[in-house]
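Everything below belongs to coords_11.csv, which stores CSV, C-alpha atoms.
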```
chain,number,residue,atom,x,y,z
R,73,MET,CA,128.7,81.5,88.3
R,74,ASN,CA,131.0,84.2,86.8
R,75,GLY,CA,132.6,84.9,90.2
R,76,GLY,CA,133.4,88.5,89.3
R,77,GLY,CA,130.3,90.3,90.4
R,78,GLY,CA,128.4,92.4,87.9
R,79,ALA,CA,125.9,95.3,87.4
R,80,VAL,CA,122.3,95.6,88.4
R,81,ARG,CA,119.9,98.3,87.3
R,82,VAL,CA,118.2,100.0,90.2
R,83,LEU,CA,115.0,102.0,89.8
R,84,TYR,CA,113.3,104.2,92.4
R,85,PHE,CA,109.7,105.4,92.4
R,86,ALA,CA,107.6,108.0,94.3
R,87,TRP,CA,109.3,109.5,97.4
R,88,LEU,CA,112.1,107.0,97.3
R,89,ARG,CA,113.1,108.6,93.9
R,90,GLU,CA,112.9,112.1,95.4
R,91,ARG,CA,115.0,111.2,98.4
R,92,ALA,CA,117.6,109.1,96.5
R,93,GLY,CA,117.9,112.0,94.0
R,94,THR,CA,117.7,109.7,91.0
R,95,GLY,CA,115.1,107.5,89.3
R,96,GLU,CA,117.6,105.0,88.0
R,97,GLU,CA,121.2,104.0,88.5
R,98,THR,CA,123.6,101.1,87.9
R,99,ILE,CA,125.3,99.4,90.8
R,100,THR,CA,128.1,96.9,90.7
R,101,LEU,CA,127.6,94.0,93.0
R,102,PRO,CA,130.6,92.9,95.1
R,103,GLY,CA,129.8,89.2,94.3
R,104,ASP,CA,127.8,87.3,91.9
R,105,GLU,CA,124.7,87.1,94.1
R,106,THR,CA,123.2,89.1,96.9
R,107,THR,CA,119.8,89.7,98.5
R,108,ILE,CA,117.4,92.6,98.5
R,109,ALA,CA,118.3,93.3,102.2
R,110,ALA,CA,122.0,93.3,101.5
R,111,LEU,CA,121.5,95.5,98.4
R,112,ILE,CA,119.6,98.0,100.6
R,113,ALA,CA,122.5,98.1,103.0
R,114,LEU,CA,124.9,98.7,100.1
R,115,LEU,CA,122.7,101.4,98.5
R,116,SER,CA,122.1,103.2,101.8
R,117,ALA,CA,125.8,103.9,102.0
R,118,GLN,CA,125.9,105.6,98.6
R,119,SER,CA,124.8,109.1,99.8
R,120,PRO,CA,122.8,110.8,102.6
R,121,GLY,CA,119.8,110.9,100.1
R,122,HIS,CA,120.0,107.1,99.7
R,123,ALA,CA,120.2,106.7,103.4
R,124,ALA,CA,117.1,108.8,103.8
R,125,ALA,CA,115.3,106.9,101.1
R,126,PHE,CA,115.8,103.6,102.9
R,127,ALA,CA,115.6,105.0,106.5
R,128,LEU,CA,112.1,103.8,107.1
R,129,ARG,CA,112.6,100.2,106.1
R,130,THR,CA,109.0,99.1,106.8
R,131,SER,CA,107.8,101.6,104.2
R,132,VAL,CA,110.1,100.3,101.4
R,133,ARG,CA,108.8,97.7,99.0
R,134,ALA,CA,110.9,96.0,96.2
R,135,ALA,CA,110.6,94.2,92.9
R,136,VAL,CA,113.1,92.0,91.1
R,137,ASN,CA,112.7,91.8,87.4
R,138,GLN,CA,109.2,93.4,87.7
R,139,VAL,CA,107.9,90.9,90.3
R,140,PHE,CA,107.3,91.9,93.9
R,141,ALA,CA,110.2,90.7,96.1
R,142,GLY,CA,111.0,90.3,99.8
R,143,PRO,CA,114.2,91.0,101.9
R,144,ASP,CA,115.5,87.5,101.2
R,145,THR,CA,114.9,87.6,97.4
R,146,LYS,CA,118.1,86.9,95.5
R,147,VAL,CA,119.6,89.6,93.2
R,148,ARG,CA,122.0,88.7,90.4
R,149,PRO,CA,124.0,90.6,87.8
R,150,GLY,CA,121.7,91.7,85.0
R,151,ASP,CA,118.6,92.0,87.2
R,152,GLU,CA,116.4,95.0,87.3
R,153,VAL,CA,115.6,95.9,90.9
R,154,ALA,CA,113.0,98.5,91.9
R,155,PHE,CA,112.4,100.2,95.2
R,156,PHE,CA,109.2,102.1,96.0
R,157,PRO,CA,106.7,102.8,98.8
R,158,PRO,CA,103.6,100.7,99.4
R,159,VAL,CA,101.4,101.2,96.3
R,160,THR,CA,98.5,103.7,96.3
R,161,GLY,CA,96.7,103.3,93.0
R,162,GLY,CA,93.1,102.5,92.2
I,57,MET,CA,91.1,87.5,77.8
I,58,ALA,CA,91.3,90.7,79.9
I,59,ARG,CA,91.7,94.1,78.3
I,60,ILE,CA,94.3,96.0,80.2
I,61,ARG,CA,95.5,99.5,79.5
I,62,VAL,CA,97.5,102.2,81.3
I,63,GLN,CA,97.1,105.6,79.7
I,64,GLU,CA,97.1,109.4,80.3
I,65,ALA,CA,94.0,109.8,78.2
I,66,ASP,CA,90.5,109.6,79.7
I,67,PHE,CA,88.3,106.6,79.0
I,68,ASP,CA,84.6,106.2,78.0
I,69,LEU,CA,82.4,103.8,80.0
I,70,GLY,CA,80.0,103.4,77.1
I,71,ALA,CA,82.7,102.6,74.6
I,72,GLU,CA,84.4,100.2,76.9
I,73,THR,CA,81.2,98.4,77.8
I,74,ALA,CA,80.3,98.1,74.1
I,75,ALA,CA,83.7,96.7,73.3
I,76,LEU,CA,83.4,94.1,76.0
I,77,LEU,CA,79.9,93.0,75.0
I,78,ALA,CA,80.4,93.1,71.2
I,79,GLY,CA,79.6,89.8,69.6
I,80,ARG,CA,79.0,88.0,72.9
I,81,ALA,CA,75.8,86.1,73.7
I,82,ASP,CA,77.2,84.4,76.8
I,83,ILE,CA,77.2,87.5,79.1
I,84,GLY,CA,74.3,88.0,81.4
I,85,GLY,CA,75.7,90.7,83.7
I,86,LEU,CA,78.4,93.4,83.8
I,87,GLY,CA,79.8,94.8,87.0
I,88,ALA,CA,81.5,98.2,86.8
I,89,PHE,CA,83.6,100.4,89.1
I,90,ILE,CA,85.0,103.8,88.3
I,91,GLY,CA,87.3,105.6,90.7
I,92,THR,CA,87.4,109.4,90.5
I,93,VAL,CA,89.4,112.2,91.9
I,94,ARG,CA,87.8,113.6,95.1
I,95,GLY,CA,88.4,117.4,95.4
I,96,ASP,CA,88.6,117.4,99.2
I,97,VAL,CA,91.1,115.7,101.4
I,98,GLY,CA,90.3,116.0,105.1
I,99,GLY,CA,88.9,119.5,104.5
I,100,ARG,CA,91.8,120.7,102.3
I,101,ALA,CA,91.1,121.6,98.7
I,102,LEU,CA,92.9,119.4,96.2
I,103,ALA,CA,94.2,120.9,92.9
I,104,ALA,CA,95.1,117.6,91.3
I,105,LEU,CA,96.3,114.1,91.9
I,106,HIS,CA,99.5,113.0,90.2
I,107,LEU,CA,99.6,109.3,89.3
I,108,GLU,CA,103.0,107.7,88.8
I,109,HIS,CA,103.7,104.1,87.9
I,110,TYR,CA,106.4,101.5,87.1
I,111,PRO,CA,105.9,101.2,83.3
I,112,ALA,CA,107.8,97.9,82.8
I,113,MET,CA,105.8,96.2,85.6
I,114,THR,CA,102.4,97.8,85.6
I,115,GLU,CA,100.6,96.0,82.8
I,116,ALA,CA,102.0,92.6,83.9
I,117,ALA,CA,100.9,93.2,87.5
I,118,MET,CA,97.4,94.2,86.3
I,119,ALA,CA,97.3,91.0,84.0
I,120,ALA,CA,98.2,88.9,87.0
I,121,ILE,CA,95.3,90.4,89.0
I,122,ALA,CA,92.9,89.8,86.1
I,123,ALA,CA,94.1,86.2,85.9
I,124,GLU,CA,93.5,85.7,89.6
I,125,ALA,CA,89.9,87.1,89.1
I,126,GLU,CA,89.4,84.7,86.2
I,127,ARG,CA,90.6,81.8,88.4
I,128,ARG,CA,88.2,82.7,91.2
I,129,PHE,CA,85.1,83.8,89.4
I,130,ALA,CA,83.2,82.5,86.3
I,131,LEU,CA,84.3,85.6,84.3
I,132,ALA,CA,83.4,85.9,80.6
I,133,GLY,CA,85.6,88.9,80.3
I,134,CYS,CA,87.1,91.9,82.1
I,135,THR,CA,88.6,95.3,81.4
I,136,LEU,CA,91.0,97.2,83.5
I,137,ILE,CA,92.1,100.8,82.6
I,138,HIS,CA,94.2,102.9,84.9
I,139,ARG,CA,95.1,106.5,84.1
I,140,VAL,CA,98.5,108.1,84.9
I,141,GLY,CA,99.7,111.7,85.0
I,142,ARG,CA,98.0,114.8,86.4
I,143,LEU,CA,94.3,114.4,87.1
I,144,VAL,CA,92.0,117.2,88.4
I,145,PRO,CA,89.1,116.7,90.8
I,146,GLY,CA,86.2,115.0,89.1
I,147,ALA,CA,88.4,113.2,86.7
I,148,GLN,CA,88.2,109.5,86.2
I,149,ILE,CA,91.2,107.5,87.5
I,150,VAL,CA,90.4,103.8,87.1
I,151,LEU,CA,87.8,101.6,85.3
I,152,VAL,CA,87.0,98.0,86.2
I,153,LEU,CA,84.5,96.0,84.2
I,154,ALA,CA,83.8,92.4,84.9
I,155,ALA,CA,81.4,90.4,82.8
I,156,SER,CA,79.8,87.0,83.6
I,157,ALA,CA,76.8,84.9,82.8
I,158,HIS,CA,75.3,85.9,86.1
I,159,ARG,CA,75.2,89.0,88.2
I,160,GLN,CA,76.8,87.7,91.4
I,161,ALA,CA,80.1,86.7,89.8
I,162,ALA,CA,80.1,90.0,87.8
I,163,LEU,CA,79.6,92.1,91.0
I,164,ASP,CA,82.0,90.1,93.2
I,165,ALA,CA,84.7,90.1,90.5
I,166,SER,CA,84.5,93.9,90.0
I,167,SER,CA,84.8,94.4,93.8
I,168,PHE,CA,87.7,91.9,93.9
I,169,LEU,CA,89.5,93.6,91.0
I,170,ILE,CA,89.5,97.1,92.5
I,171,ASP,CA,90.5,95.8,95.9
I,172,TRP,CA,93.5,94.0,94.4
I,173,LEU,CA,94.4,96.9,92.1
I,174,LYS,CA,94.8,99.1,95.2
I,175,THR,CA,97.3,96.8,96.9
I,176,ASP,CA,99.1,94.9,94.0
I,177,ALA,CA,99.6,97.2,91.1
I,178,PRO,CA,102.6,99.6,91.1
I,179,PHE,CA,100.9,103.0,91.1
I,180,TRP,CA,101.6,105.9,93.5
I,181,LYS,CA,99.5,109.0,94.1
I,182,ARG,CA,100.8,112.4,95.0
I,183,GLU,CA,98.3,115.1,96.2
I,184,GLU,CA,98.8,118.6,94.9
I,185,PHE,CA,96.8,121.1,97.1
I,186,THR,CA,95.4,124.4,96.0
I,187,ASP,CA,97.8,126.1,98.5
I,188,GLY,CA,100.8,124.8,96.5
I,189,GLU,CA,101.7,122.1,99.0
I,190,SER,CA,102.3,118.6,97.7
I,191,ARG,CA,102.5,115.2,99.4
I,192,TRP,CA,102.6,111.5,98.6
I,193,VAL,CA,99.5,109.5,99.6
I,194,GLU,CA,100.2,106.9,102.2
I,195,ALA,CA,98.9,103.4,101.8
I,196,ARG,CA,95.9,102.7,104.0
I,197,ASP,CA,95.5,99.7,106.3
I,198,SER,CA,91.8,99.7,105.2
I,199,ASP,CA,93.0,98.9,101.7
I,200,THR,CA,95.0,95.9,102.9
I,201,ALA,CA,92.0,94.8,105.0
I,202,ALA,CA,89.8,95.1,101.9
I,203,LYS,CA,92.1,92.8,100.0
I,204,ALA,CA,92.3,90.4,102.9
I,205,ARG,CA,88.5,89.9,102.6
I,206,TRP,CA,89.4,87.8,99.6
I,207,ALA,CA,92.0,85.6,101.3
I,208,GLY,CA,91.8,81.9,100.4
```
Please, can you express the file's structure as structure tokens?
Amino acid sequence: MNGGGGAVRVLYFAWLRERAGTGEETITLPGDETTIAALIALLSAQSPGHAAAFALRTSVRAAVNQVFAGPDTKVRPGDEVAFFPPVTGG
Amino acid sequence: MARIRVQEADFDLGAETAALLAGRADIGGLGAFIGTVRGDVGGRALAALHLEHYPAMTEAAMAAIAAEAERRFALAGCTLIHRVGRLVPGAQIVLVLAASAHRQAALDASSFLIDWLKTDAPFWKREEFTDGESRWVEARDSDTAAKARWAG
């Protein structure tokens, strides 16, 4: 508990990257812990591009520290959070 | 131990098979799957597929899939190679090799591995058409259904 909030590294892939207009950015959290859902709300307010990236919420997937995450997954300062569409490899 | 690679370069089935079998007398069967770039998407000519991935996560996600296969099947070894970058029609995209003492586990594991790679590894495909248009491939319900066959 550092109480002062802190930075998380946010990555975007595929069409989320194109809509957000960046592949990577650093965001300062308002507190020392948040969730993926709350972070999406915070990021959506950054720019119209960000809002477009997150508009279709059911098509957005996330990972925290390189592990697939859900809306309720906790995010803390120092974490790496990635947002991307459902995967299409193979 | 699974061999796992993400690379722009092409791969060679013969070389990978030889590497997996080298020095092994406990393998009785090898299942293989190679995914390739189809040049026609719903009647439209494809110029190339662009494969993007999440470098920090990709190999760990593939290792987790391989570990799950090793937990479910009596695997003697497996190889997963996924290419990234711009791939033209006919090019190889992905290689799955699964080796076991007996054929059923080898065949089942290779099928399992490609089904899970399609839904659980952070790769994304963008289609570049010959008319210059480009679009991201959407995930298919059929891929999720294919993975669900392995539930339990």
### Message
Residues of chain R were defined as contacting chain I if any atom lay at most 12 Å from it, counting only C-alpha atoms; please report them as a PyMOL selection string.
### Response
chain R and resi 83-90+95-96+131-140+152-162
A straight line from atom CA of Thr145 of chain R to atom CA of Glu115 of chain I spans 22.1 Å
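Counting from atom CA of Ala65 of chain I, the distance to atom CA of Leu102 of chain I is 20.4 Å.
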Atom pair atom CA of Asp187 of chain I + atom CA of Gly93 of chain R, distance 25.0 Å
Show me, as a PDB file with C-alpha atoms, in the coordinates of the input, the residues that have an atom within 9 Å of segment 104-115 of chain R when counting all atoms listed in the file, minus same-chain residues fewer than 4 positions from it.
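Result file is part-v5.pdb:
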```
ATOM      1  CA  MET R  73     128.700  81.500  88.300  1.00  0.00           C
ATOM      2  CA  ASN R  74     131.000  84.200  86.800  1.00  0.00           C
ATOM      3  CA  GLY R  75     132.600  84.900  90.200  1.00  0.00           C
ATOM      4  CA  GLY R  76     133.400  88.500  89.300  1.00  0.00           C
ATOM      5  CA  GLY R  77     130.300  90.300  90.400  1.00  0.00           C
ATOM      6  CA  GLY R  78     128.400  92.400  87.900  1.00  0.00           C
ATOM      7  CA  ILE R  99     125.300  99.400  90.800  1.00  0.00           C
ATOM      8  CA  SER R 119     124.800 109.100  99.800  1.00  0.00           C
ATOM      9  CA  HIS R 122     120.000 107.100  99.700  1.00  0.00           C
ATOM     10  CA  ALA R 123     120.200 106.700 103.400  1.00  0.00           C
ATOM     11  CA  PHE R 126     115.800 103.600 102.900  1.00  0.00           C
ATOM     12  CA  ALA R 134     110.900  96.000  96.200  1.00  0.00           C
ATOM     13  CA  ALA R 135     110.600  94.200  92.900  1.00  0.00           C
ATOM     14  CA  VAL R 136     113.100  92.000  91.100  1.00  0.00           C
ATOM     15  CA  ALA R 141     110.200  90.700  96.100  1.00  0.00           C
ATOM     16  CA  GLY R 142     111.000  90.300  99.800  1.00  0.00           C
ATOM     17  CA  PRO R 143     114.200  91.000 101.900  1.00  0.00           C
ATOM     18  CA  ASP R 144     115.500  87.500 101.200  1.00  0.00           C
ATOM     19  CA  THR R 145     114.900  87.600  97.400  1.00  0.00           C
ATOM     20  CA  LYS R 146     118.100  86.900  95.500  1.00  0.00           C
ATOM     21  CA  VAL R 147     119.600  89.600  93.200  1.00  0.00           C
ATOM     22  CA  ARG R 148     122.000  88.700  90.400  1.00  0.00           C
ATOM     23  CA  PRO R 149     124.000  90.600  87.800  1.00  0.00           C
ATOM     24  CA  VAL R 153     115.600  95.900  90.900  1.00  0.00           C
TER      25      VAL R 153
END
```
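Shortest separation to Thr186 of chain I among I:Ala71, I:Leu105, I:Ile83, I:Ala165 occurs at residue I:Leu105, atoms counted being all atoms listed in the file.
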Just want the 12 Å neighbourhood of segment 127-130 of chain I, counted on only C-alpha atoms, with same-chain residues fewer than 2 positions away dropped. Output as a ChimeraX atom specification. /I:82-85,120-125,132-134,154-169,206-208
Given 4 Å on each side, where is the centre and what are the edge lengths in Å to one decimal of the axis-aligned box enclosing the listed atoms of segment 109-121 of chain R, as AutoDock Vina command-line options?
```
--center_x 122.1 --center_y 102.1 --center_z 100.7 --size_x 15.6 --size_y 25.6 --size_z 12.6
```
